[in-house]
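Visitor: First, the structure itself, so that you have it in front of you.
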Amino acid sequence: MSEDKLVYDRALLDPVAKTFGRSYKAYGPMHKALAWVDAERMLRRFQIFAGLIAHLGEDQPISVNDLGCGYGPMFDTFRDLPSLKNGRYYGTDISPEMIKAARARIDDPRANFRVGHSASQVADYSFVSGTYNMKMYAFDGDWQAMVEGSLKHLFSMSRVGLGFNMLSVHNPNREPTLYYGDPDHYLQFCQRHLSLNSRLVEVLSPREFVIFAMH
């Protein structure tokens, strides 16, 4: 599935892009701008993803897609990984304000940032951290369809595999503007449409879950 076939649904995504644009103007380059409760929680999610690639050595430079990169904090976490020493990082976000901030903050030849709703580069690994959580006032069914289309496209742009996290329907504290996914549904979806080699990581249960899907 090419990016042009993965339609940008303005009714779904524009309210989210505007919300994060306003949030960045209010908070600047910190976790609150990305709707994280605290910086430690945000960092923990990045570390879980980094664990998927940490075993690789410097002789195996990798490339990474970060869908919903915000102002670039995932790159801050990944920049010193041995496998990224000679690698590439591609950050994509629907918020122009976030991408402008990322480009201003990060002056590194390995990092590239662009405004968009889907990955435009094939990379070894693709990661989605918190990107699917903010739905604003979209219907859950519409948002789920968008997420599933996004995952299919992103997996097709990933040579080795992808990892994503999502708020869980088992979360005891739920907010109306956030999307909560069923971990069993998304595991079955990934095994059926992405790869049989998909697994559910329960380290964030019951509030969140992580899924790795590998080629």
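Each chain of the structure tokens is named A, B, ... in the order shown, its residues numbered from 1; ligands are numbered from 1 in display order.
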Which neighbours of range 204-211 of chain A fall inside 8 Å, counting only C-alpha atoms, when residues of the same chain fewer than 5 positions from it are skipped, and could you give them as a PyMOL selection string?

Guide: chain A and resi 163-172+183+187+198-199

Visitor: Counting only C-alpha atoms, which residues in range 96-126 of chain A sit no more than 8 Å from range 61-75 of chain A? For each one, give the nearest pair of atoms and the distance in Å, sorted by chain then residue number, as JSON lines.

Guide:
{"residue": "A:Met98", "atom": "CA", "partner": "A:Tyr71", "partner_atom": "CA", "distance": 4.9}
{"residue": "A:Ile99", "atom": "CA", "partner": "A:Tyr71", "partner_atom": "CA", "distance": 6.1}
{"residue": "A:Lys100", "atom": "CA", "partner": "A:Tyr71", "partner_atom": "CA", "distance": 7.8}
{"residue": "A:Ala101", "atom": "CA", "partner": "A:Tyr71", "partner_atom": "CA", "distance": 5.4}
{"residue": "A:Ala102", "atom": "CA", "partner": "A:Tyr71", "partner_atom": "CA", "distance": 4.2}
{"residue": "A:Arg103", "atom": "CA", "partner": "A:Tyr71", "partner_atom": "CA", "distance": 8.0}
{"residue": "A:Arg105", "atom": "CA", "partner": "A:Tyr71", "partner_atom": "CA", "distance": 7.7}
{"residue": "A:Ile106", "atom": "CA", "partner": "A:Gly72", "partner_atom": "CA", "distance": 7.6}
{"residue": "A:Ala111", "atom": "CA", "partner": "A:Phe75", "partner_atom": "CA", "distance": 7.8}
{"residue": "A:His117", "atom": "CA", "partner": "A:Leu67", "partner_atom": "CA", "distance": 7.8}
{"residue": "A:Ser118", "atom": "CA", "partner": "A:Leu67", "partner_atom": "CA", "distance": 6.8}
{"residue": "A:Ala119", "atom": "CA", "partner": "A:Leu67", "partner_atom": "CA", "distance": 6.7}
{"residue": "A:Gln121", "atom": "CA", "partner": "A:Asn65", "partner_atom": "CA", "distance": 7.6}
{"residue": "A:Val122", "atom": "CA", "partner": "A:Asn65", "partner_atom": "CA", "distance": 7.9}
{"residue": "A:Ala123", "atom": "CA", "partner": "A:Ser63", "partner_atom": "CA", "distance": 5.0}
{"residue": "A:Asp124", "atom": "CA", "partner": "A:Ser63", "partner_atom": "CA", "distance": 5.2}
{"residue": "A:Tyr125", "atom": "CA", "partner": "A:Val64", "partner_atom": "CA", "distance": 4.9}
{"residue": "A:Ser126", "atom": "CA", "partner": "A:Asn65", "partner_atom": "CA", "distance": 4.4}

Visitor: What is the distance between CA of Arg79 in chain A and CA of Asp38 in chain A, in Å to one decimal?

Guide: 21.1 Å

Visitor: Quick one: residues within 10 Å of Thr19 in chain A, only C-alpha atoms, excluding same-chain residues fewer than 3 positions away - as a ChimeraX atom specification?

Guide: /A:13-16,22-24,33-34,95,134,136

Visitor: Those residues with C-alpha atoms, as a PDB file, in the first residue's frame please?

Guide:
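out-v3.pdb, freshly written:
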ATOM      1  CA  LEU A  13      -6.678  13.743  11.903  1.00  0.00           C
ATOM      2  CA  ASP A  14      -6.936  17.529  11.567  1.00  0.00           C
ATOM      3  CA  PRO A  15      -8.421  17.985  15.079  1.00  0.00           C
ATOM      4  CA  VAL A  16      -5.561  15.894  16.477  1.00  0.00           C
ATOM      5  CA  ARG A  22      -1.576  24.147  20.452  1.00  0.00           C
ATOM      6  CA  SER A  23      -0.037  21.857  23.040  1.00  0.00           C
ATOM      7  CA  TYR A  24       3.461  22.475  21.739  1.00  0.00           C
ATOM      8  CA  ALA A  33       3.258  18.695  24.771  1.00  0.00           C
ATOM      9  CA  LEU A  34       2.789  15.055  23.727  1.00  0.00           C
ATOM     10  CA  SER A  95       1.633  18.510  13.280  1.00  0.00           C
ATOM     11  CA  MET A 134      -5.456  10.797  20.860  1.00  0.00           C
ATOM     12  CA  MET A 136     -10.439  13.691  20.043  1.00  0.00           C
TER      13      MET A 136
END

Visitor: Please return, as JSON, numbers by chain, all residues of range 89-207 of chain A that DSSP assigns to alpha helix (DSSP H) on the basis of the backbone.

Guide: {"A": [96, 97, 98, 99, 100, 101, 102, 103, 104, 105, 140, 141, 142, 143, 144, 145, 146, 147, 148, 149, 150, 151, 152, 153, 154, 155, 156, 183, 184, 185, 186, 187, 188, 189, 190, 191, 192, 193]}

Visitor: Any idea what the distance is between CA of Met214 in chain A and CA of Tyr90 in chain A?

Guide: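 Those two atoms sit 19.1 Å apart.
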
Visitor: Could you check the closest approach to Arg44 in chain A for each of A:Gly181, A:Gly130, A:Pro82, A:Gly161 and tell me which residue wins, using only C-alpha atoms?

Guide: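 Under the stated criterion, the closest residue is A:Gly130.
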